[in-house]
Amino acid sequence: MSRFASGMFGLIMSCCWSSMASAANDPLSVLQTCQELLQPQPSFVLNNQPEIAAKQIDELLSPLSRLYFDLFHLSELPSGVGFKQALTRCQIVLGDRLQTILLSAPIQAWLPHGLLSSDADVRQFAQRIDILNQQRLAPQQKGFLSTLEASIHYHLANSDFSLRLDNPQCLALDIRGDNVTGQLAEYLLREPSSQCRQSSWTAYQQRAQSRNSQALNALAALRQTQANEQGLANYNNLQLLNTPMASEEQRRDFIKQASHHPSAMAPWSLYQTLTKQQKSAQSAMSTAIILEAWRHKLTSLGYQIVGPPHHWQMSYQDRALGSVMFNGKDQSKTLLHIQSLAARPAQIAQVVLDYPININSWQQVNEVLAVFAQAIVTVSASSQFSLNNHNELTGEHDFLAKYWLIKVLTPAYHPWFRIGEREQTLKHYRENWQLFQAAAIIDFYGDELDLPTHFNQLFGAPWPLADNAFYGISELTSGASVMTRLWAQAMANYLYQLTPACRELADKQMTHLLLVNPSHHSLQERLTPLLAPHSLRTLPIGSFYYDNDVPPQALTRESHLMCTKLRQLRP
């Protein structure tokens with residue numbers, strides 16, 4: 001998701017992707033629709049039966065969802081400053097209208113009944129509305145937050161940055177103008193002194209400190225106030241409410257467990273290390289071959305797929321799920337366009353995948369796989385409410401489905417692409433850097449972490465200014481939601497490592513349980529047949545953050561128990 005969906009507006013609107021959304025309308029028509037939202041909200045009455053009322057609410061949100069899709073498409077198109085400002089105003093108006101609806105008296109009166117419904121779908125629907133209400137911002141706060149985030153991102157992306165190093169012990173360095181990142185990378189390659197490289201790298205990380213200090217202080221204060229208004233200690237607790245990373249202790253333990261896996265490589269030494277390692281020789285091949293291999297694997301998991309290679313019609317156990325359309329293009333990026341989400345049983349999901357015609361590296365095939373897995377998870381969602389089928393509202397269960405599917409589909413491309421020494425080094429470095437950034441983000445929003453120690457453990461080198469790392473992290477404004485992704489990666493690794501002895505059975509049962517979830521169970525309910533609640537609380541899940549981090553023989557007994565439990569599950 002782009003920064004279009006950042007902040008509270010993004011959290012609210014990104015949850016409501018319509019089951020009827022289509023490509024963006026005429027821009028003037030979209031803006032006219034926004035103007036109509038300024039009219040007073042008409043009153044509405046809900047049915048006395050909570051289950052019927054839930055469907056009424058979902059239908060009430062559909063027009064706003066369609067407008068959100070249109071705005072998202074328009075925000076990605078090149079346009080003038082004036083039009084972008086109009087889009088921003090429309091986003092704010094749309095967010096305000098949605099918040100007005102969710103906080104209205106009829107929905108607030110329905111919410112306690114929805115939370116206690118015997119229908120798991122309705123309960124989840126109510127829980128998601130409740131979460132959005134808890135994380136709401138006042139209109140003036142939303143405007144202030146939008147300004148802060150825009151300022152922070154602008155100063156980080158601004159090329160108006162110069163760096164001059166006059167230390168006689170270092171090579172001459174004078175960086176300015178465009179392509180600052182490229183100039184720094186070239187210097188890090190040439191400079192033999194580790195100390196000199198660290199000085200220049202640190203300066204780059206702190207490049208926006210003076211310009212962003214005031215905005216970052218205001219951001220931290222705003223998020224702290226938001227959490228305190230809900231009776232919570234900090235914004236991390238609010239953003240990760242009802243997730244496996246809900247408490248500061250859980251987050252701290254995760255980071256601590258995962259940090260004991262040093263790369264023995266500081267960021268300022270990465271380029272020089274990579275140049276000494278051999279890159280795997282890979283020949284370009286048609287992406288269509290990989291897609292066909294994944295299609296074959298999905299059928300072995302229980303999916304039925306009909307249609308030509310460029311348009312899959314997918315079903316599961318004879319129940320229609322949706323369609324995936326493929327557009328091969330002469331480009332390097334893989335992009336997912338969600339045209340509609342399902343609201344079962346009346347609608348199906350529709351997604352479009354733009355992908356490069358040819359793949360020529362291990363890294364590129366993994367990028368395609370990540371987006372492909374997201375597409376399959378999106379199509380597989382099975383709730384009767386489109387709000388429930390959004391994949392990244394609270395995130396933890398759908399992220400788990402995505403990362404599990406990535407683990408299952410990865411072996412399918414091994415005949416053509418294998419990770420080499422250089423790719424392995426880069427992969428591990430990125431995992432470490434992602435983990436450290438997550439630690440810096442939750443530290444910024446109120447958790448107390450020893451960032452210099454974590455940095456030293458991860459990269460095998462000290463960085464005295466690690467406590468100020470947040471100045472160079474653009475993802476900071478998205479908050480602690482990154483922790484749900486890290487948890488999901490670790491849990492997917494753990495479950496996959498537990499099941500080599502029953503690989504085929506595990507792949508099918510986990511697909512049923514995690515991806516399709518026809519019984520609409522919550523994450524806790526889905527994992528309970530496999531992992532008792534007490535084990536979820538005590539499992540050192542952070543130690544499984546890295547692929548194959550734990551020797552298989554260490555999990556022999558647990559593996560046997562897991563395979564036994566999977567055999568007992570109904571397909």
# chains A, B, ... in the order shown; residues from 1 in each chain; ligands from 1

$ closest_atom_pairs --of "region 90-164 of chain A" --to "region 204-209 of chain A" --cutoff "7 Å" --atoms "only C-alpha atoms" --output "Markdown table"
| residue | atom | partner | partner_atom | distance |
| --- | --- | --- | --- | --- |
| A:His155 | CA | A:Ala208 | CA | 5.9 |
| A:Leu156 | CA | A:Ala208 | CA | 5.9 |
| A:Phe161 | CA | A:Arg207 | CA | 7.0 |

$ write_last_selection --atoms "N, CA and C atoms" --output "mmCIF file, in the first residue's frame"
data_model
loop_
_atom_site.group_PDB
_atom_site.id
_atom_site.type_symbol
_atom_site.label_atom_id
_atom_site.label_comp_id
_atom_site.auth_asym_id
_atom_site.auth_seq_id
_atom_site.Cartn_x
_atom_site.Cartn_y
_atom_site.Cartn_z
ATOM 1 N N HIS A 155 10.955 15.314 3.368
ATOM 2 C CA HIS A 155 12.342 15.601 3.739
ATOM 3 C C HIS A 155 13.242 14.375 3.601
ATOM 4 N N LEU A 156 12.687 13.180 3.771
ATOM 5 C CA LEU A 156 13.488 11.973 3.553
ATOM 6 C C LEU A 156 13.759 11.736 2.072
ATOM 7 N N PHE A 161 20.335 17.273 -0.413
ATOM 8 C CA PHE A 161 21.177 16.760 0.674
ATOM 9 C C PHE A 161 22.617 16.735 0.182
#

$ residues_around --residues "Val365 (chain A)" --least-positions-apart "5" --cutoff "9 Å" --atoms "only C-alpha atoms" --output "NGL selection string"
:A and (287 or 290 or 359-360 or 370 or 413 or 417)

$ select_by_dssp --residues "region 44-274 of chain A" --states "strand (DSSP E or B)" --output "MDAnalysis selection string"
chainID A and resid 163:165 173:175

$ write_last_selection --atoms "all heavy atoms" --output "PDB file, in the first residue's frame"
ATOM      1  N   LEU A 163      26.830  16.057   1.477  1.00  0.00           N
ATOM      2  CA  LEU A 163      27.696  15.485   2.497  1.00  0.00           C
ATOM      3  C   LEU A 163      29.146  15.666   2.068  1.00  0.00           C
ATOM      4  O   LEU A 163      29.537  15.224   0.982  1.00  0.00           O
ATOM      5  CB  LEU A 163      27.378  13.996   2.702  1.00  0.00           C
ATOM      6  CG  LEU A 163      28.313  13.226   3.634  1.00  0.00           C
ATOM      7  CD1 LEU A 163      28.253  13.797   5.046  1.00  0.00           C
ATOM      8  CD2 LEU A 163      27.945  11.747   3.642  1.00  0.00           C
ATOM      9  N   ARG A 164      29.889  16.318   2.912  1.00  0.00           N
ATOM     10  CA  ARG A 164      31.296  16.540   2.614  1.00  0.00           C
ATOM     11  C   ARG A 164      32.122  15.972   3.764  1.00  0.00           C
ATOM     12  O   ARG A 164      31.848  16.246   4.932  1.00  0.00           O
ATOM     13  CB  ARG A 164      31.583  18.030   2.442  1.00  0.00           C
ATOM     14  CG  ARG A 164      33.019  18.343   2.041  1.00  0.00           C
ATOM     15  CD  ARG A 164      33.220  19.846   1.858  1.00  0.00           C
ATOM     16  NE  ARG A 164      34.582  20.163   1.476  1.00  0.00           N
ATOM     17  CZ  ARG A 164      35.038  20.154   0.247  1.00  0.00           C
ATOM     18  NH1 ARG A 164      34.211  19.851  -0.750  1.00  0.00           N
ATOM     19  NH2 ARG A 164      36.286  20.455  -0.032  1.00  0.00           N
ATOM     20  N   LEU A 165      33.133  15.178   3.432  1.00  0.00           N
ATOM     21  CA  LEU A 165      33.986  14.549   4.442  1.00  0.00           C
ATOM     22  C   LEU A 165      35.408  15.040   4.225  1.00  0.00           C
ATOM     23  O   LEU A 165      36.000  14.825   3.166  1.00  0.00           O
ATOM     24  CB  LEU A 165      33.909  13.022   4.304  1.00  0.00           C
ATOM     25  CG  LEU A 165      34.298  12.197   5.524  1.00  0.00           C
ATOM     26  CD1 LEU A 165      33.373  12.485   6.698  1.00  0.00           C
ATOM     27  CD2 LEU A 165      34.241  10.711   5.196  1.00  0.00           C
ATOM     28  N   LEU A 173      35.266  13.031  -0.066  1.00  0.00           N
ATOM     29  CA  LEU A 173      33.852  12.772  -0.276  1.00  0.00           C
ATOM     30  C   LEU A 173      33.108  14.093  -0.360  1.00  0.00           C
ATOM     31  O   LEU A 173      33.182  14.927   0.541  1.00  0.00           O
ATOM     32  CB  LEU A 173      33.267  11.932   0.875  1.00  0.00           C
ATOM     33  CG  LEU A 173      31.758  11.687   0.833  1.00  0.00           C
ATOM     34  CD1 LEU A 173      31.396  10.871  -0.403  1.00  0.00           C
ATOM     35  CD2 LEU A 173      31.296  10.980   2.096  1.00  0.00           C
ATOM     36  N   ASP A 174      32.393  14.289  -1.448  1.00  0.00           N
ATOM     37  CA  ASP A 174      31.594  15.492  -1.634  1.00  0.00           C
ATOM     38  C   ASP A 174      30.338  15.096  -2.406  1.00  0.00           C
ATOM     39  O   ASP A 174      30.327  15.072  -3.633  1.00  0.00           O
ATOM     40  CB  ASP A 174      32.397  16.554  -2.392  1.00  0.00           C
ATOM     41  CG  ASP A 174      31.684  17.910  -2.399  1.00  0.00           C
ATOM     42  OD1 ASP A 174      30.591  18.000  -1.795  1.00  0.00           O
ATOM     43  OD2 ASP A 174      32.210  18.856  -3.006  1.00  0.00           O
ATOM     44  N   ILE A 175      29.290  14.755  -1.670  1.00  0.00           N
ATOM     45  CA  ILE A 175      28.042  14.289  -2.267  1.00  0.00           C
ATOM     46  C   ILE A 175      27.043  15.435  -2.296  1.00  0.00           C
ATOM     47  O   ILE A 175      26.821  16.108  -1.298  1.00  0.00           O
ATOM     48  CB  ILE A 175      27.458  13.110  -1.461  1.00  0.00           C
ATOM     49  CG1 ILE A 175      28.389  11.897  -1.539  1.00  0.00           C
ATOM     50  CG2 ILE A 175      26.075  12.740  -1.967  1.00  0.00           C
ATOM     51  CD1 ILE A 175      27.898  10.714  -0.723  1.00  0.00           C
TER      52      ILE A 175
END

$ select_by_dssp --residues "region 165-349 of chain A" --states "helix (DSSP H, G or I)" --output "compact mmCIF listing (two decimals) with C-alpha atoms, in the first residue's frame"
# COMPACT_ATOMS: atom_id res chain seq x y z
CA VAL A 180 22.62 10.87 -3.55
CA THR A 181 22.10 7.18 -2.80
CA GLY A 182 24.11 6.13 -5.84
CA GLN A 183 26.95 8.49 -4.98
CA LEU A 184 27.10 7.14 -1.44
CA ALA A 185 27.07 3.54 -2.66
CA GLU A 186 30.02 4.27 -4.94
CA TYR A 187 31.93 5.83 -2.04
CA LEU A 188 31.22 2.86 0.23
CA LEU A 189 32.65 0.61 -2.47
CA ARG A 190 35.87 2.61 -2.82
CA SER A 194 35.58 1.03 7.91
CA GLN A 195 35.50 4.10 10.17
CA CYS A 196 35.24 6.45 7.20
CA ARG A 197 32.49 4.36 5.64
CA GLN A 198 30.57 4.35 8.90
CA SER A 199 30.83 8.16 9.17
CA SER A 200 29.39 8.68 5.71
CA TRP A 201 26.67 6.03 6.16
CA THR A 202 25.66 7.55 9.52
CA ALA A 203 25.46 11.01 8.00
CA TYR A 204 23.12 9.69 5.33
CA GLN A 205 20.88 7.99 7.92
CA GLN A 209 17.25 15.01 11.41
CA SER A 210 17.22 18.79 11.62
CA ARG A 211 14.26 19.11 9.26
CA ASN A 212 12.16 16.31 10.73
CA SER A 213 12.84 16.64 14.47
CA GLN A 214 9.89 18.90 15.15
CA ALA A 215 7.47 16.83 13.03
CA LEU A 216 8.63 13.56 14.58
CA ASN A 217 8.22 14.93 18.11
CA ALA A 218 4.71 16.06 17.24
CA LEU A 219 3.93 12.66 15.66
CA ALA A 220 5.07 10.79 18.77
CA ALA A 221 3.00 13.09 21.01
CA LEU A 222 -0.11 12.71 18.85
CA ARG A 223 0.10 8.91 18.82
CA GLN A 224 0.75 8.83 22.57
CA THR A 225 -2.35 10.94 23.20
CA GLN A 226 -4.35 8.67 20.91
CA ALA A 227 -3.29 5.62 22.94
CA ASN A 228 -3.89 7.28 26.30
CA GLU A 229 -7.43 8.20 25.27
CA TYR A 235 0.61 3.58 20.48
CA ASN A 236 2.18 0.17 19.89
CA ASN A 237 -0.34 -1.36 22.29
CA LEU A 238 -3.18 0.38 20.47
CA GLN A 239 -2.07 -0.50 16.95
CA GLU A 248 5.47 -4.71 25.07
CA GLU A 249 6.85 -7.88 26.64
CA GLN A 250 5.85 -9.97 23.60
CA ARG A 251 7.42 -7.49 21.20
CA ARG A 252 10.60 -7.15 23.23
CA ASP A 253 10.99 -10.93 23.54
CA PHE A 254 10.47 -11.37 19.80
CA ILE A 255 13.15 -8.81 18.92
CA LYS A 256 15.54 -10.25 21.51
CA GLN A 257 15.08 -13.84 20.32
CA ALA A 258 15.56 -12.91 16.69
CA SER A 259 18.55 -10.63 17.24
CA PRO A 267 25.60 -1.88 6.67
CA TRP A 268 28.53 0.30 5.63
CA SER A 269 30.45 -2.85 4.63
CA LEU A 270 27.67 -4.55 2.67
CA TYR A 271 28.67 -3.34 -0.81
CA GLN A 272 32.29 -4.41 -0.41
CA THR A 273 31.25 -7.82 0.90
CA LEU A 274 28.91 -8.44 -2.01
CA THR A 275 31.54 -7.58 -4.61
CA THR A 287 7.66 -16.09 -16.19
CA ALA A 288 4.79 -18.07 -17.67
CA ILE A 289 6.72 -21.28 -16.95
CA ILE A 290 6.95 -20.40 -13.25
CA LEU A 291 3.28 -19.42 -13.13
CA GLU A 292 2.33 -22.77 -14.63
CA ALA A 293 4.42 -24.58 -11.99
CA TRP A 294 2.61 -22.63 -9.26
CA ARG A 295 -0.72 -23.41 -10.88
CA HIS A 296 0.11 -27.12 -10.75
CA LYS A 297 1.07 -26.85 -7.08
CA LEU A 298 -2.13 -24.99 -6.20
CA THR A 299 -4.22 -27.78 -7.74
CA SER A 300 -2.40 -30.27 -5.51

$ residues_around --residues "Ser519 (chain A)" --least-positions-apart "6" --cutoff "10 Å" --atoms "only C-alpha atoms" --output "PDB file with all heavy atoms, in the first residue's frame"
ATOM      1  N   ASP A 119     -22.714 -16.155  14.999  1.00  0.00           N
ATOM      2  CA  ASP A 119     -22.139 -16.248  13.659  1.00  0.00           C
ATOM      3  C   ASP A 119     -20.711 -15.709  13.694  1.00  0.00           C
ATOM      4  O   ASP A 119     -20.489 -14.530  13.981  1.00  0.00           O
ATOM      5  CB  ASP A 119     -22.989 -15.443  12.674  1.00  0.00           C
ATOM      6  CG  ASP A 119     -22.556 -15.645  11.230  1.00  0.00           C
ATOM      7  OD1 ASP A 119     -21.341 -15.641  10.969  1.00  0.00           O
ATOM      8  OD2 ASP A 119     -23.445 -15.776  10.360  1.00  0.00           O
ATOM      9  N   ALA A 120     -19.734 -16.573  13.420  1.00  0.00           N
ATOM     10  CA  ALA A 120     -18.324 -16.162  13.504  1.00  0.00           C
ATOM     11  C   ALA A 120     -18.018 -15.015  12.547  1.00  0.00           C
ATOM     12  O   ALA A 120     -17.206 -14.128  12.860  1.00  0.00           O
ATOM     13  CB  ALA A 120     -17.410 -17.351  13.195  1.00  0.00           C
ATOM     14  N   ASP A 121     -18.652 -15.024  11.383  1.00  0.00           N
ATOM     15  CA  ASP A 121     -18.461 -13.957  10.407  1.00  0.00           C
ATOM     16  C   ASP A 121     -18.912 -12.612  10.965  1.00  0.00           C
ATOM     17  O   ASP A 121     -18.232 -11.587  10.815  1.00  0.00           O
ATOM     18  CB  ASP A 121     -19.252 -14.273   9.143  1.00  0.00           C
ATOM     19  CG  ASP A 121     -18.340 -14.548   7.968  1.00  0.00           C
ATOM     20  OD1 ASP A 121     -17.121 -14.608   8.175  1.00  0.00           O
ATOM     21  OD2 ASP A 121     -18.839 -14.702   6.856  1.00  0.00           O
ATOM     22  N   SER A 382     -13.001 -15.867   2.388  1.00  0.00           N
ATOM     23  CA  SER A 382     -14.293 -16.521   2.230  1.00  0.00           C
ATOM     24  C   SER A 382     -15.419 -15.923   3.065  1.00  0.00           C
ATOM     25  O   SER A 382     -16.478 -16.513   3.187  1.00  0.00           O
ATOM     26  CB  SER A 382     -14.154 -18.001   2.595  1.00  0.00           C
ATOM     27  OG  SER A 382     -13.668 -18.144   3.917  1.00  0.00           O
ATOM     28  N   SER A 383     -15.238 -14.739   3.646  1.00  0.00           N
ATOM     29  CA  SER A 383     -16.281 -14.177   4.490  1.00  0.00           C
ATOM     30  C   SER A 383     -17.427 -13.610   3.658  1.00  0.00           C
ATOM     31  O   SER A 383     -17.260 -13.207   2.510  1.00  0.00           O
ATOM     32  CB  SER A 383     -15.694 -13.058   5.368  1.00  0.00           C
ATOM     33  OG  SER A 383     -16.725 -12.406   6.088  1.00  0.00           O
ATOM     34  N   HIS A 512      -6.326 -25.315   3.779  1.00  0.00           N
ATOM     35  CA  HIS A 512      -7.722 -25.300   4.213  1.00  0.00           C
ATOM     36  C   HIS A 512      -7.896 -24.418   5.450  1.00  0.00           C
ATOM     37  O   HIS A 512      -8.837 -23.608   5.533  1.00  0.00           O
ATOM     38  CB  HIS A 512      -8.178 -26.728   4.517  1.00  0.00           C
ATOM     39  CG  HIS A 512      -9.629 -26.847   4.855  1.00  0.00           C
ATOM     40  ND1 HIS A 512     -10.618 -26.954   3.903  1.00  0.00           N
ATOM     41  CD2 HIS A 512     -10.262 -26.861   6.053  1.00  0.00           C
ATOM     42  CE1 HIS A 512     -11.801 -27.032   4.490  1.00  0.00           C
ATOM     43  NE2 HIS A 512     -11.612 -26.989   5.803  1.00  0.00           N
ATOM     44  N   LEU A 513      -6.977 -24.549   6.380  1.00  0.00           N
ATOM     45  CA  LEU A 513      -7.102 -23.884   7.675  1.00  0.00           C
ATOM     46  C   LEU A 513      -6.728 -22.407   7.617  1.00  0.00           C
ATOM     47  O   LEU A 513      -7.431 -21.547   8.164  1.00  0.00           O
ATOM     48  CB  LEU A 513      -6.214 -24.598   8.696  1.00  0.00           C
ATOM     49  CG  LEU A 513      -6.479 -24.369  10.183  1.00  0.00           C
ATOM     50  CD1 LEU A 513      -7.842 -24.886  10.574  1.00  0.00           C
ATOM     51  CD2 LEU A 513      -5.396 -25.064  11.005  1.00  0.00           C
ATOM     52  N   ARG A 526      -8.019 -20.811  14.614  1.00  0.00           N
ATOM     53  CA  ARG A 526      -7.384 -21.610  13.569  1.00  0.00           C
ATOM     54  C   ARG A 526      -6.132 -22.315  14.077  1.00  0.00           C
ATOM     55  O   ARG A 526      -5.819 -23.419  13.654  1.00  0.00           O
ATOM     56  CB  ARG A 526      -7.041 -20.723  12.373  1.00  0.00           C
ATOM     57  CG  ARG A 526      -8.200 -20.495  11.438  1.00  0.00           C
ATOM     58  CD  ARG A 526      -7.776 -19.742  10.205  1.00  0.00           C
ATOM     59  NE  ARG A 526      -7.991 -18.324  10.376  1.00  0.00           N
ATOM     60  CZ  ARG A 526      -7.740 -17.428   9.427  1.00  0.00           C
ATOM     61  NH1 ARG A 526      -7.246 -17.811   8.266  1.00  0.00           N
ATOM     62  NH2 ARG A 526      -7.966 -16.155   9.638  1.00  0.00           N
TER      63      ARG A 526
END

$ closest_residue --among "A:Leu561, A:Leu426, A:Leu514, A:Leu476" --to "Gln278 (chain A)" --atoms "only C-alpha atoms"
A:Leu426

$ closest_atom_pairs --of "region 214-306 of chain A" --to "region 318-322 of chain A" --cutoff "12 Å" --atoms "only C-alpha atoms" --output "JSON lines"
{"residue": "A:Gly302", "atom": "CA", "partner": "A:Asp318", "partner_atom": "CA", "distance": 9.8}
{"residue": "A:Tyr303", "atom": "CA", "partner": "A:Asp318", "partner_atom": "CA", "distance": 8.8}
{"residue": "A:Gln304", "atom": "CA", "partner": "A:Asp318", "partner_atom": "CA", "distance": 7.6}
{"residue": "A:Ile305", "atom": "CA", "partner": "A:Gly322", "partner_atom": "CA", "distance": 10.0}
{"residue": "A:Val306", "atom": "CA", "partner": "A:Gly322", "partner_atom": "CA", "distance": 11.0}

$ closest_residue --among "A:Asp178, A:Asp96, A:Asp130, A:Asp447" --to "Leu37 (chain A)" --atoms "only C-alpha atoms"
A:Asp96

$ residues_around --residues "Gln331 (chain A)" --least-positions-apart "6" --cutoff "12 Å" --atoms "only C-alpha atoms" --output "PyMOL selection string"
chain A and resi 287+354-359+364+368

$ atom_distance --atom1 "CA of Gln49 (chain A)" --atom2 "CA of Ala109 (chain A)"
11.9 Å

$ atom_distance --atom1 "CA of Ser75 (chain A)" --atom2 "CA of Ile441 (chain A)"
26.7 Å

$ residues_around --residues "Asn133 (chain A)" --least-positions-apart "6" --cutoff "10 Å" --atoms "only C-alpha atoms" --output "ChimeraX atom specification"
/A:12,99,102-103,108,127

$ atom_distance --atom1 "CA of Ala401 (chain A)" --atom2 "CA of Arg557 (chain A)"
24.7 Å

$ residues_around --residues "Ile406 (chain A)" --least-positions-apart "5" --cutoff "10 Å" --atoms "only C-alpha atoms" --output "PyMOL selection string"
chain A and resi 366+369-374+400-401+411+489+492
